[in-house]
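Participant: Structure: input_16.cif, mmCIF, C-alpha atoms.
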```
data_input
#
loop_
_atom_site.label_atom_id
_atom_site.label_comp_id
_atom_site.auth_asym_id
_atom_site.auth_seq_id
_atom_site.Cartn_x
_atom_site.Cartn_y
_atom_site.Cartn_z
CA MET A 1 12.53 12.81 -9.75
CA GLU A 2 14.61 10.98 -7.17
CA PHE A 3 14.68 11.41 -3.45
CA ASN A 4 18.04 11.47 -1.72
CA PHE A 5 17.54 9.14 1.16
CA PRO A 6 19.44 9.76 4.35
CA SER A 7 19.79 6.05 4.98
CA LYS A 8 20.28 2.96 2.83
CA VAL A 9 18.13 0.92 5.19
CA LEU A 10 15.29 3.36 4.70
CA PHE A 11 15.84 3.37 0.97
CA ARG A 12 15.70 -0.39 0.65
CA ALA A 13 12.50 -0.65 2.69
CA ILE A 14 10.92 2.01 0.49
CA GLU A 15 12.07 0.17 -2.62
CA SER A 16 10.44 -3.00 -1.36
CA PHE A 17 7.08 -1.35 -0.79
CA ASN A 18 7.51 0.42 -4.11
CA SER A 19 7.58 -3.00 -5.81
CA LEU A 20 3.97 -3.68 -4.78
CA PRO A 21 1.24 -2.97 -7.35
CA GLY A 22 -0.05 0.59 -7.26
CA VAL A 23 2.43 1.74 -4.61
CA GLY A 24 4.49 4.73 -5.76
CA LYS A 25 7.58 6.22 -4.13
CA LYS A 26 5.56 8.59 -1.95
CA THR A 27 3.19 5.94 -0.67
CA ALA A 28 6.12 3.58 -0.06
CA LEU A 29 7.76 6.34 1.98
CA ARG A 30 4.58 6.85 3.95
CA TYR A 31 4.32 3.12 4.72
CA THR A 32 7.96 2.99 5.78
CA LEU A 33 7.81 6.05 8.02
CA ASN A 34 4.67 4.65 9.55
CA LEU A 35 6.43 1.37 10.29
CA LEU A 36 9.23 3.34 11.94
CA LYS A 37 6.72 4.75 14.38
CA MET A 38 5.84 1.24 15.55
CA GLU A 39 7.63 -0.63 18.30
CA PRO A 40 10.61 -2.72 17.11
CA ASP A 41 8.70 -5.86 18.17
CA GLU A 42 5.84 -4.94 15.92
CA ILE A 43 8.15 -4.27 12.97
CA MET A 44 9.79 -7.65 13.52
CA ARG A 45 6.40 -9.32 13.56
CA PHE A 46 5.47 -7.54 10.33
CA ALA A 47 8.68 -8.77 8.71
CA ASP A 48 8.16 -12.27 10.05
CA ASN A 49 4.61 -12.44 8.70
CA ILE A 50 5.99 -11.64 5.27
CA LYS A 51 8.90 -14.04 5.57
CA ARG A 52 6.49 -16.85 6.37
CA LEU A 53 4.74 -16.26 3.06
CA ALA A 54 7.92 -17.50 1.41
CA VAL A 55 8.50 -20.34 3.83
CA ASP A 56 5.11 -21.72 4.79
CA ILE A 57 2.67 -20.98 1.99
CA ARG A 58 2.03 -23.74 -0.48
CA PHE A 59 -0.82 -24.53 -2.82
CA CYS A 60 -3.38 -27.24 -2.25
CA GLU A 61 -2.43 -30.28 -4.35
CA GLN A 62 -6.05 -30.95 -5.17
CA CYS A 63 -7.62 -27.54 -5.90
CA HIS A 64 -4.54 -25.25 -6.16
CA ASN A 65 -5.95 -22.88 -3.56
CA ILE A 66 -3.53 -21.26 -1.10
CA SER A 67 -2.95 -23.50 1.86
CA ASP A 68 -0.69 -24.20 4.84
CA GLN A 69 -0.87 -27.94 4.22
CA LYS A 70 -0.71 -30.29 1.26
CA ILE A 71 -4.49 -30.32 1.08
CA CYS A 72 -6.31 -27.10 1.93
CA ASP A 73 -8.89 -26.60 4.67
CA ILE A 74 -11.73 -26.47 2.16
CA CYS A 75 -10.83 -29.72 0.39
CA SER A 76 -10.24 -31.54 3.67
CA ASN A 77 -13.46 -30.29 5.25
CA SER A 78 -15.71 -33.36 5.23
CA SER A 79 -18.84 -31.29 5.96
CA ARG A 80 -18.58 -29.73 2.50
CA LYS A 81 -20.14 -31.32 -0.55
CA GLN A 82 -17.37 -33.35 -2.15
CA ASP A 83 -19.17 -33.86 -5.44
CA VAL A 84 -19.52 -30.24 -6.55
CA ILE A 85 -16.54 -28.31 -7.91
CA CYS A 86 -16.61 -24.57 -8.52
CA VAL A 87 -14.01 -23.56 -11.11
CA VAL A 88 -12.51 -20.09 -10.54
CA GLN A 89 -9.76 -18.01 -12.04
CA ASP A 90 -7.70 -17.30 -8.93
CA VAL A 91 -7.47 -17.38 -5.16
CA ARG A 92 -9.22 -14.04 -4.77
CA ASP A 93 -12.33 -15.50 -6.34
CA VAL A 94 -12.36 -18.33 -3.81
CA LEU A 95 -12.33 -15.73 -1.03
CA ALA A 96 -15.11 -13.73 -2.71
CA ILE A 97 -17.34 -16.77 -3.14
CA GLU A 98 -16.60 -18.08 0.36
CA ASN A 99 -17.59 -14.66 1.58
CA THR A 100 -21.12 -15.02 0.17
CA GLN A 101 -21.66 -18.07 2.41
CA GLN A 102 -23.87 -19.46 -0.37
CA TYR A 103 -21.57 -22.24 -1.52
CA ASN A 104 -20.67 -25.41 0.29
CA GLY A 105 -18.77 -27.44 -2.28
CA LEU A 106 -15.15 -27.60 -3.36
CA TYR A 107 -13.12 -25.38 -5.66
CA HIS A 108 -10.67 -25.66 -8.49
CA VAL A 109 -8.36 -22.70 -9.08
CA LEU A 110 -7.39 -22.48 -12.75
CA GLY A 111 -4.69 -19.89 -12.21
CA GLY A 112 -5.94 -17.71 -15.07
CA VAL A 113 -8.13 -17.79 -18.16
CA ILE A 114 -7.33 -18.64 -21.76
CA SER A 115 -6.04 -15.49 -23.42
CA PRO A 116 -4.26 -15.87 -26.76
CA ILE A 117 -3.25 -12.18 -26.72
CA ASP A 118 -1.32 -12.72 -23.48
CA GLY A 119 -0.03 -16.07 -24.73
CA ILE A 120 -1.97 -18.03 -22.14
CA GLY A 121 -3.27 -21.34 -23.47
CA PRO A 122 -5.02 -24.25 -21.73
CA SER A 123 -1.69 -25.89 -20.94
CA ASP A 124 -0.73 -22.89 -18.76
CA LEU A 125 -3.78 -23.44 -16.58
CA ASN A 126 -4.71 -26.15 -14.09
CA VAL A 127 -7.01 -27.85 -16.60
CA GLU A 128 -5.44 -31.28 -16.62
CA SER A 129 -5.77 -31.70 -12.88
CA LEU A 130 -9.42 -30.66 -13.16
CA GLU A 131 -10.02 -33.34 -15.77
CA GLU A 132 -8.26 -35.80 -13.50
CA ARG A 133 -10.57 -34.88 -10.62
CA VAL A 134 -13.66 -35.31 -12.78
CA LYS A 135 -12.36 -38.69 -13.98
CA SER A 136 -11.26 -40.18 -10.70
CA GLN A 137 -13.63 -38.62 -8.18
CA ASN A 138 -17.36 -38.91 -8.04
CA VAL A 139 -18.08 -35.38 -9.27
CA GLN A 140 -21.74 -34.58 -9.92
CA GLU A 141 -21.56 -30.93 -10.90
CA ILE A 142 -19.02 -28.43 -12.20
CA ILE A 143 -19.89 -24.77 -11.68
CA LEU A 144 -17.95 -22.45 -13.98
CA ALA A 145 -17.50 -19.17 -12.09
CA LEU A 146 -15.24 -17.19 -14.41
CA SER A 147 -15.32 -13.51 -15.28
CA THR A 148 -17.86 -12.37 -17.87
CA THR A 149 -15.15 -11.32 -20.30
CA MET A 150 -14.21 -12.61 -23.72
CA GLU A 151 -11.41 -14.62 -22.12
CA GLY A 152 -13.71 -15.97 -19.43
CA ASP A 153 -16.26 -17.06 -22.03
CA THR A 154 -13.56 -18.67 -24.16
CA THR A 155 -12.37 -20.62 -21.14
CA ASN A 156 -15.93 -21.61 -20.27
CA PHE A 157 -16.40 -22.95 -23.80
CA TYR A 158 -13.08 -24.79 -23.74
CA LEU A 159 -13.87 -26.44 -20.42
CA TYR A 160 -17.36 -27.34 -21.61
CA ARG A 161 -15.90 -29.11 -24.63
CA LYS A 162 -13.28 -30.81 -22.50
CA LEU A 163 -15.58 -32.02 -19.75
CA GLY A 164 -18.86 -32.32 -21.63
CA ASN A 165 -18.31 -36.02 -22.33
CA PHE A 166 -18.09 -36.95 -18.66
CA PRO A 167 -21.29 -37.79 -16.78
CA VAL A 168 -21.26 -34.49 -14.93
CA GLN A 169 -23.57 -31.51 -14.97
CA ILE A 170 -21.86 -28.30 -16.05
CA SER A 171 -23.34 -24.93 -15.14
CA THR A 172 -22.17 -21.31 -15.18
CA ILE A 173 -23.04 -18.77 -12.54
CA ALA A 174 -26.02 -16.60 -13.48
CA ARG A 175 -25.45 -13.46 -15.50
CA GLY A 176 -27.97 -10.68 -15.11
CA MET A 177 -28.61 -7.40 -13.41
CA GLY A 178 -26.88 -6.90 -10.09
CA PHE A 179 -28.82 -5.96 -6.98
CA GLY A 180 -29.29 -2.18 -6.92
CA ASP A 181 -28.80 -1.82 -10.70
CA GLU A 182 -31.27 0.29 -12.62
CA ILE A 183 -32.81 -0.99 -15.86
CA GLU A 184 -32.11 2.31 -17.59
CA TYR A 185 -28.39 2.16 -16.98
CA THR A 186 -27.82 -1.56 -17.57
CA ASP A 187 -25.93 -2.34 -20.76
CA GLU A 188 -28.01 -3.99 -23.45
CA LEU A 189 -26.08 -7.27 -23.48
CA THR A 190 -26.66 -7.81 -19.75
CA LEU A 191 -30.26 -6.64 -19.96
CA GLY A 192 -30.90 -8.89 -22.96
CA ARG A 193 -29.50 -11.92 -21.16
CA SER A 194 -31.49 -11.04 -18.06
CA ILE A 195 -34.66 -11.21 -20.10
CA ILE A 196 -33.75 -14.45 -21.87
CA ASN A 197 -32.71 -16.11 -18.62
CA ARG A 198 -35.66 -14.79 -16.62
CA ILE A 199 -36.60 -16.85 -13.59
CA PRO A 200 -40.06 -17.71 -12.21
CA TYR A 201 -41.03 -15.15 -9.60
CA LYS A 202 -41.66 -16.73 -6.24
CA GLY A 203 -42.72 -13.65 -4.37
CA GLY A 204 -39.33 -13.11 -2.72
CA ASN A 205 -36.42 -10.86 -3.49
CA LYS A 206 -34.13 -13.64 -4.73
CA MET B 207 -17.67 -8.28 6.45
CA GLU B 208 -14.97 -10.85 7.13
CA PHE B 209 -13.09 -13.00 4.68
CA ASN B 210 -12.55 -16.63 5.58
CA PHE B 211 -8.90 -17.12 4.84
CA PRO B 212 -7.75 -20.53 3.72
CA SER B 213 -4.47 -20.12 5.57
CA LYS B 214 -3.37 -18.51 8.82
CA VAL B 215 -0.07 -17.52 7.26
CA LEU B 216 -1.93 -15.64 4.55
CA PHE B 217 -4.23 -14.08 7.12
CA ARG B 218 -1.40 -12.76 9.25
CA ALA B 219 0.42 -11.23 6.29
CA ILE B 220 -2.80 -9.52 5.24
CA GLU B 221 -3.32 -8.27 8.78
CA SER B 222 0.15 -6.77 8.79
CA PHE B 223 -0.40 -4.84 5.58
CA ASN B 224 -3.82 -3.88 6.87
CA SER B 225 -2.12 -2.08 9.77
CA LEU B 226 -0.51 0.41 7.40
CA PRO B 227 -2.24 3.78 6.94
CA GLY B 228 -4.87 3.80 4.20
CA VAL B 229 -4.54 0.08 3.48
CA GLY B 230 -7.85 -1.75 3.76
CA LYS B 231 -8.47 -5.50 3.79
CA LYS B 232 -8.83 -5.71 0.01
CA THR B 233 -5.66 -3.78 -0.72
CA ALA B 234 -3.78 -5.81 1.90
CA LEU B 235 -4.98 -8.96 0.17
CA ARG B 236 -3.82 -7.63 -3.18
CA TYR B 237 -0.37 -6.83 -1.78
CA THR B 238 -0.11 -10.26 -0.21
CA LEU B 239 -1.20 -12.18 -3.29
CA ASN B 240 1.23 -10.12 -5.32
CA LEU B 241 4.05 -11.03 -2.95
CA LEU B 242 3.11 -14.68 -3.35
CA LYS B 243 3.76 -14.37 -7.07
CA MET B 244 7.35 -13.33 -6.39
CA GLU B 245 10.24 -15.75 -5.99
CA PRO B 246 10.83 -16.92 -2.38
CA ASP B 247 14.19 -15.11 -2.46
CA GLU B 248 12.49 -11.86 -3.28
CA ILE B 249 9.92 -12.30 -0.51
CA MET B 250 12.73 -13.00 1.94
CA ARG B 251 14.52 -9.85 0.83
CA PHE B 252 11.31 -7.86 1.27
CA ALA B 253 10.92 -9.21 4.80
CA ASP B 254 14.57 -8.56 5.57
CA ASN B 255 14.34 -4.96 4.37
CA ILE B 256 11.52 -4.41 6.82
CA LYS B 257 13.25 -6.24 9.66
CA ARG B 258 16.25 -4.01 9.26
CA LEU B 259 14.07 -0.98 9.91
CA ALA B 260 13.67 -2.27 13.44
CA VAL B 261 17.30 -3.26 13.85
CA ASP B 262 19.39 -0.71 12.01
CA ILE B 263 17.46 2.53 11.85
CA ARG B 264 18.29 5.13 14.41
CA PHE B 265 17.92 8.87 14.53
CA CYS B 266 20.76 11.33 14.11
CA GLU B 267 21.82 12.57 17.54
CA GLN B 268 22.34 16.05 16.22
CA CYS B 269 19.41 16.77 13.90
CA HIS B 270 17.02 13.85 14.67
CA ASN B 271 16.85 12.89 11.03
CA ILE B 272 16.66 9.20 10.13
CA SER B 273 20.13 7.71 9.91
CA ASP B 274 22.15 4.52 9.86
CA GLN B 275 24.79 5.99 12.12
CA LYS B 276 24.91 8.14 15.23
CA ILE B 277 25.32 11.23 13.08
CA CYS B 278 23.44 11.32 9.77
CA ASP B 279 25.00 11.72 6.33
CA ILE B 280 23.81 15.31 6.05
CA CYS B 281 25.25 16.46 9.38
CA SER B 282 28.55 14.70 8.76
CA ASN B 283 28.90 16.01 5.21
CA SER B 284 31.64 18.64 5.50
CA SER B 285 30.83 20.14 2.10
CA ARG B 286 27.52 21.41 3.48
CA LYS B 287 27.22 24.75 5.24
CA GLN B 288 27.53 23.98 8.91
CA ASP B 289 26.24 27.36 10.09
CA VAL B 290 22.75 27.27 8.61
CA ILE B 291 20.02 25.14 10.16
CA CYS B 292 16.68 24.52 8.49
CA VAL B 293 14.01 23.61 11.05
CA VAL B 294 11.38 21.18 9.76
CA GLN B 295 8.48 19.24 11.18
CA ASP B 296 9.46 15.73 10.19
CA VAL B 297 11.69 13.48 8.12
CA ARG B 298 9.48 13.74 5.06
CA ASP B 299 10.13 17.48 4.93
CA VAL B 300 13.88 16.88 4.90
CA LEU B 301 13.42 14.64 1.88
CA ALA B 302 11.20 17.20 0.15
CA ILE B 303 13.68 20.03 0.67
CA GLU B 304 16.68 17.88 -0.27
CA ASN B 305 14.79 17.08 -3.41
CA THR B 306 14.71 20.72 -4.49
CA GLN B 307 18.54 20.75 -4.53
CA GLN B 308 18.30 24.39 -3.44
CA TYR B 309 19.56 23.98 0.11
CA ASN B 310 23.02 23.11 1.25
CA GLY B 311 22.91 23.58 5.00
CA LEU B 312 21.93 21.35 7.92
CA TYR B 313 18.53 20.40 9.31
CA HIS B 314 16.78 20.09 12.61
CA VAL B 315 13.77 17.78 12.76
CA LEU B 316 11.31 18.98 15.42
CA GLY B 317 9.21 15.83 15.32
CA GLY B 318 5.96 17.80 15.10
CA VAL B 319 4.50 21.24 15.69
CA ILE B 320 2.97 22.84 18.76
CA SER B 321 -0.69 21.86 18.84
CA PRO B 322 -2.57 22.41 22.09
CA ILE B 323 -5.62 20.59 20.70
CA ASP B 324 -3.56 17.43 20.22
CA GLY B 325 -1.79 17.99 23.53
CA ILE B 326 1.56 18.63 21.87
CA GLY B 327 3.60 21.28 23.66
CA PRO B 328 7.17 22.52 23.12
CA SER B 329 8.50 19.89 25.53
CA ASP B 330 7.26 17.14 23.22
CA LEU B 331 9.37 18.49 20.37
CA ASN B 332 13.12 18.57 19.77
CA VAL B 333 13.30 22.25 20.80
CA GLU B 334 15.82 21.93 23.60
CA SER B 335 18.40 20.27 21.39
CA LEU B 336 17.89 23.03 18.81
CA GLU B 337 18.57 25.67 21.44
CA GLU B 338 21.65 23.70 22.45
CA ARG B 339 22.92 23.69 18.87
CA VAL B 340 22.39 27.43 18.53
CA LYS B 341 24.21 28.00 21.83
CA SER B 342 27.16 25.71 21.33
CA GLN B 343 27.73 25.78 17.57
CA ASN B 344 28.54 28.73 15.39
CA VAL B 345 25.07 29.02 13.83
CA GLN B 346 24.54 32.04 11.59
CA GLU B 347 21.02 31.43 10.34
CA ILE B 348 17.93 29.49 11.30
CA ILE B 349 15.41 28.89 8.52
CA LEU B 350 11.96 28.00 9.81
CA ALA B 351 10.37 25.71 7.20
CA LEU B 352 7.15 24.66 8.86
CA SER B 353 3.70 24.19 7.36
CA THR B 354 1.60 27.33 6.80
CA THR B 355 -1.01 26.22 9.30
CA MET B 356 -2.10 27.71 12.58
CA GLU B 357 0.08 25.16 14.39
CA GLY B 358 3.04 25.88 12.13
CA ASP B 359 2.71 29.60 12.74
CA THR B 360 2.40 29.08 16.48
CA THR B 361 5.56 27.01 16.45
CA ASN B 362 7.35 29.64 14.33
CA PHE B 363 6.42 32.28 16.86
CA TYR B 364 7.49 30.15 19.80
CA LEU B 365 10.87 29.38 18.24
CA TYR B 366 11.34 33.03 17.31
CA ARG B 367 10.79 34.04 20.95
CA LYS B 368 13.05 31.25 22.17
CA LEU B 369 15.94 31.88 19.78
CA GLY B 370 15.53 35.61 19.10
CA ASN B 371 17.99 36.53 21.82
CA PHE B 372 20.84 34.61 20.26
CA PRO B 373 23.04 36.33 17.67
CA VAL B 374 21.46 34.38 14.83
CA GLN B 375 19.38 35.44 11.86
CA ILE B 376 15.95 33.82 11.82
CA SER B 377 13.97 33.56 8.59
CA THR B 378 10.91 31.69 7.40
CA ILE B 379 10.53 30.25 3.95
CA ALA B 380 8.62 32.52 1.56
CA ARG B 381 4.85 32.31 1.40
CA GLY B 382 3.20 33.33 -1.83
CA MET B 383 1.65 32.00 -4.97
CA GLY B 384 2.94 28.67 -6.18
CA PHE B 385 4.26 28.22 -9.68
CA GLY B 386 1.36 27.51 -12.00
CA ASP B 387 -1.21 29.13 -9.68
CA GLU B 388 -3.71 31.56 -11.14
CA ILE B 389 -4.36 34.90 -9.46
CA GLU B 390 -8.10 34.43 -9.78
CA TYR B 391 -8.11 31.19 -7.82
CA THR B 392 -5.57 32.09 -5.16
CA ASP B 393 -7.06 32.57 -1.70
CA GLU B 394 -7.02 36.16 -0.47
CA LEU B 395 -4.67 35.52 2.45
CA THR B 396 -1.99 34.08 0.19
CA LEU B 397 -2.57 36.71 -2.48
CA GLY B 398 -2.42 39.48 0.11
CA ARG B 399 0.86 38.21 1.49
CA SER B 400 2.23 37.82 -2.01
CA ILE B 401 1.59 41.50 -2.62
CA ILE B 402 3.03 42.64 0.71
CA ASN B 403 6.12 40.48 0.27
CA ARG B 404 6.62 41.33 -3.38
CA ILE B 405 10.17 40.98 -4.65
CA PRO B 406 12.11 43.15 -7.11
CA TYR B 407 11.72 41.78 -10.60
CA LYS B 408 15.04 40.83 -12.15
CA GLY B 409 13.79 39.81 -15.55
CA GLY B 410 13.90 36.08 -14.81
CA ASN B 411 11.29 33.55 -13.81
CA LYS B 412 12.46 33.23 -10.20
#
```
Take the structure in this file and express it as structure tokens.
Facilitator:
Amino acid sequence: MEFNFPSKVLFRAIESFNSLPGVGKKTALRYTLNLLKMEPDEIMRFADNIKRLAVDIRFCEQCHNISDQKICDICSNSSRKQDVICVVQDVRDVLAIENTQQYNGLYHVLGGVISPIDGIGPSDLNVESLEERVKSQNVQEIILALSTTMEGDTTNFYLYRKLGNFPVQISTIARGMGFGDEIEYTDELTLGRSIINRIPYKGGNK
Amino acid sequence: MEFNFPSKVLFRAIESFNSLPGVGKKTALRYTLNLLKMEPDEIMRFADNIKRLAVDIRFCEQCHNISDQKICDICSNSSRKQDVICVVQDVRDVLAIENTQQYNGLYHVLGGVISPIDGIGPSDLNVESLEERVKSQNVQEIILALSTTMEGDTTNFYLYRKLGNFPVQISTIARGMGFGDEIEYTDELTLGRSIINRIPYKGGNK
């Protein structure tokens, strides 16, 4: 099914939105018509904000996080612990962890996880630069915060083997029941691990 | 809940997407990160396609449809019937009807329907220019293709009163059961109208 568009300009804008993940022709049309209701100034600002993604965005040379500068705001923030590195899969995870306000160290964005099926090996990830950081900087702890999938676990294991010889503590984030989960509906693997990795109760809800 | 964005450029792009209807912070982030995976050229083209909405898009002076030129492709297409005008609520409806490939006349985009609750009266719609077209051009038929809502019906009635004195046939699109609908689950109003407006059976599925 193809729409006949009354205008090439309209068509191309719709096509652009259509190229985003999960945006079909109808949604792209809705976005475009909605833009058309805005003031020209606003549309120009929208376009400019996107253009600047191409021009101004770069990745931090140390942790590979998105940044405006060579070194990102997190890496260059001297009030953060410089000797703890949290290893994550991608930029979204940095945002998610930052959002918890429970972490005050640095990050290292791998850019993916090892996945032989998808043809992604260690050399496709930012592993070498992580090793370099552990070697050259005074890193005390590496926190592996990858997804609890087969690929995540494989990557965890690989990194553990790679970095285990350095004088650095390696930990993974805790796996267990989430807040609000019910015992009855928790899968047995998670529940089993929750029991094995039980923590001393201190009278609080943490 | 607020994300701490590592880059103002990123933040502004996310904000822009966030201003679209039905796009929350998380979806806006997903769109933006996806754009960042594209080649700079592609991002620039995306931005340019949006910029051109502000610069190049105008509305047809005759039918108020979206157009690149003063008069849209449909109005200026001489192979279309110039004496039939289909009145619709907005540009999306033009696309939907064009898509059926069952109509070969012209359009008139009202820009809305009469809705006292929302403070939209006839003067807020492109009614005057429709009257002008009926007066000055050799229009044989007006097809009212508005939504089957209270507001749509009100607008139908208003236009009928306004244009009824001109030597022009006024029709509304058929209301009835949709293809694939089951009698049992059709609301009584629609079913009732379907019976009243029954059409002679010609042995086909039309």
Participant: Which residues are close to A:Ile43, i.e. within 10 Å by all atoms listed in the file, leaving aside same-chain residues fewer than 6 positions away? Reply as a PyMOL selection string.
Facilitator: (chain A and resi 35-37+49) or (chain B and resi 222+253+256-261)
Participant: Excluding B:Leu397 and residues on its chain fewer than 5 positions from it, collect all residues at most 12 Å away from it, counting only C-alpha atoms, and give them as a list in words.
Facilitator: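 So, after excluding close chain neighbours, the residues are Arg381, Gly382, Met383, Gly384, Asp387, Glu388, Ile389, Glu390, Tyr391, Thr392, Ile402, Asn403 and Arg404 of chain B.
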Participant: Could you write those residues out with C-alpha atoms, as a PDB file, keeping the file's coordinate frame?
Facilitator:
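Wrote out_33.pdb, looks like this:
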```
ATOM      1  CA  ARG B 381       4.850  32.310   1.400  1.00  0.00           C
ATOM      2  CA  GLY B 382       3.200  33.330  -1.830  1.00  0.00           C
ATOM      3  CA  MET B 383       1.650  32.000  -4.970  1.00  0.00           C
ATOM      4  CA  GLY B 384       2.940  28.670  -6.180  1.00  0.00           C
ATOM      5  CA  ASP B 387      -1.210  29.130  -9.680  1.00  0.00           C
ATOM      6  CA  GLU B 388      -3.710  31.560 -11.140  1.00  0.00           C
ATOM      7  CA  ILE B 389      -4.360  34.900  -9.460  1.00  0.00           C
ATOM      8  CA  GLU B 390      -8.100  34.430  -9.780  1.00  0.00           C
ATOM      9  CA  TYR B 391      -8.110  31.190  -7.820  1.00  0.00           C
ATOM     10  CA  THR B 392      -5.570  32.090  -5.160  1.00  0.00           C
ATOM     11  CA  ILE B 402       3.030  42.640   0.710  1.00  0.00           C
ATOM     12  CA  ASN B 403       6.120  40.480   0.270  1.00  0.00           C
ATOM     13  CA  ARG B 404       6.620  41.330  -3.380  1.00  0.00           C
TER      14      ARG B 404
END
```
Participant: Taking the point (15.1, 16.5, 10.2) as given in the file, collect each protein or nucleic acid residue that comes within 8 Å of it, counting only C-alpha atoms, and present the set as a ChimeraX atom specification.
Facilitator: /B:269-272,293-297,299-300,313-317
Participant: B:Ser213, B:Thr354, B:Gln346, B:Thr361: which is nearest A:Ile74, counting only C-alpha atoms?
Facilitator: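 With only C-alpha atoms as the atom set, the closest residue is B:Ser213.
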Participant: Residue by residue, what does the PyMOL selection byres ((chain B) within 9 of (chain A)) grab here? Present the result as a compact mmCIF listing (two decimals) with C-alpha atoms, in the coordinates of the input.
Facilitator:
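Saved the output as result39.txt:
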```
# COMPACT_ATOMS: atom_id res chain seq x y z
CA MET B 207 -17.67 -8.28 6.45
CA GLU B 208 -14.97 -10.85 7.13
CA PHE B 209 -13.09 -13.00 4.68
CA ASN B 210 -12.55 -16.63 5.58
CA PHE B 211 -8.90 -17.12 4.84
CA PRO B 212 -7.75 -20.53 3.72
CA SER B 213 -4.47 -20.12 5.57
CA LYS B 214 -3.37 -18.51 8.82
CA VAL B 215 -0.07 -17.52 7.26
CA LEU B 216 -1.93 -15.64 4.55
CA ARG B 218 -1.40 -12.76 9.25
CA ALA B 219 0.42 -11.23 6.29
CA ILE B 220 -2.80 -9.52 5.24
CA GLU B 221 -3.32 -8.27 8.78
CA SER B 222 0.15 -6.77 8.79
CA PHE B 223 -0.40 -4.84 5.58
CA LEU B 226 -0.51 0.41 7.40
CA PRO B 227 -2.24 3.78 6.94
CA LEU B 235 -4.98 -8.96 0.17
CA ARG B 236 -3.82 -7.63 -3.18
CA TYR B 237 -0.37 -6.83 -1.78
CA THR B 238 -0.11 -10.26 -0.21
CA LEU B 239 -1.20 -12.18 -3.29
CA ASN B 240 1.23 -10.12 -5.32
CA LEU B 241 4.05 -11.03 -2.95
CA LEU B 242 3.11 -14.68 -3.35
CA MET B 244 7.35 -13.33 -6.39
CA GLU B 245 10.24 -15.75 -5.99
CA PRO B 246 10.83 -16.92 -2.38
CA ASP B 247 14.19 -15.11 -2.46
CA GLU B 248 12.49 -11.86 -3.28
CA ILE B 249 9.92 -12.30 -0.51
CA MET B 250 12.73 -13.00 1.94
CA ARG B 251 14.52 -9.85 0.83
CA PHE B 252 11.31 -7.86 1.27
CA ALA B 253 10.92 -9.21 4.80
CA ASP B 254 14.57 -8.56 5.57
CA ASN B 255 14.34 -4.96 4.37
CA ILE B 256 11.52 -4.41 6.82
CA LYS B 257 13.25 -6.24 9.66
CA ARG B 258 16.25 -4.01 9.26
CA LEU B 259 14.07 -0.98 9.91
CA ALA B 260 13.67 -2.27 13.44
CA VAL B 261 17.30 -3.26 13.85
CA ASP B 262 19.39 -0.71 12.01
CA ILE B 263 17.46 2.53 11.85
CA ASN B 271 16.85 12.89 11.03
CA ILE B 272 16.66 9.20 10.13
CA SER B 273 20.13 7.71 9.91
CA ASP B 274 22.15 4.52 9.86
CA GLN B 275 24.79 5.99 12.12
CA CYS B 278 23.44 11.32 9.77
CA ASP B 279 25.00 11.72 6.33
CA ILE B 280 23.81 15.31 6.05
CA VAL B 297 11.69 13.48 8.12
CA ARG B 298 9.48 13.74 5.06
CA LEU B 301 13.42 14.64 1.88
CA ALA B 302 11.20 17.20 0.15
CA GLU B 304 16.68 17.88 -0.27
CA ASN B 305 14.79 17.08 -3.41
```
Participant: Extract, using only C-alpha atoms, all DNA, RNA and protein residues at most 10 Å from A:Leu163, discarding same-chain residues fewer than 5 positions from it, and format them as a list in words.
Facilitator: Leu130, Glu131, Val134, Lys135, Ile142, Phe157, Tyr158, Val168, Gln169 and Ile170 of chain A
Participant: Atom CA of B:Cys281 to atom CA of B:Phe265: how many Å, to one decimal?
Facilitator: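 Going from atom CA of B:Cys281 over to atom CA of B:Phe265, I get 11.7 Å.
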Participant: Once the PyMOL selection byres ((chain A and resi 145) around 8) has been evaluated on this model, what residues remain selected, and can you format them as a ChimeraX atom specification?
Facilitator: /A:86-89,143-144,146-147,172-173
Participant: Separation of atom CA of A:Asn126 and atom CA of A:Thr190, in Å?
Facilitator: 29.2 Å
Participant: Please return stretch 140-145 of chain A, rebuilt to N, CA and C atoms, as a PDB file, in the coordinates of the input.
Facilitator:
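Listing of result.pdb after writing:
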```pdb
ATOM      1  N   GLN A 140     -20.398 -34.678  -9.351  1.00  0.00           N
ATOM      2  CA  GLN A 140     -21.740 -34.580  -9.920  1.00  0.00           C
ATOM      3  C   GLN A 140     -21.918 -33.294 -10.723  1.00  0.00           C
ATOM      4  N   GLU A 141     -21.316 -32.219 -10.251  1.00  0.00           N
ATOM      5  CA  GLU A 141     -21.560 -30.930 -10.900  1.00  0.00           C
ATOM      6  C   GLU A 141     -20.294 -30.077 -10.926  1.00  0.00           C
ATOM      7  N   ILE A 142     -20.103 -29.414 -12.064  1.00  0.00           N
ATOM      8  CA  ILE A 142     -19.020 -28.430 -12.200  1.00  0.00           C
ATOM      9  C   ILE A 142     -19.685 -27.074 -12.388  1.00  0.00           C
ATOM     10  N   ILE A 143     -19.354 -26.127 -11.515  1.00  0.00           N
ATOM     11  CA  ILE A 143     -19.890 -24.770 -11.680  1.00  0.00           C
ATOM     12  C   ILE A 143     -18.765 -23.893 -12.228  1.00  0.00           C
ATOM     13  N   LEU A 144     -18.968 -23.329 -13.404  1.00  0.00           N
ATOM     14  CA  LEU A 144     -17.950 -22.450 -13.980  1.00  0.00           C
ATOM     15  C   LEU A 144     -18.212 -21.027 -13.487  1.00  0.00           C
ATOM     16  N   ALA A 145     -17.314 -20.520 -12.639  1.00  0.00           N
ATOM     17  CA  ALA A 145     -17.500 -19.170 -12.090  1.00  0.00           C
ATOM     18  C   ALA A 145     -16.349 -18.275 -12.549  1.00  0.00           C
TER      19      ALA A 145
END
```
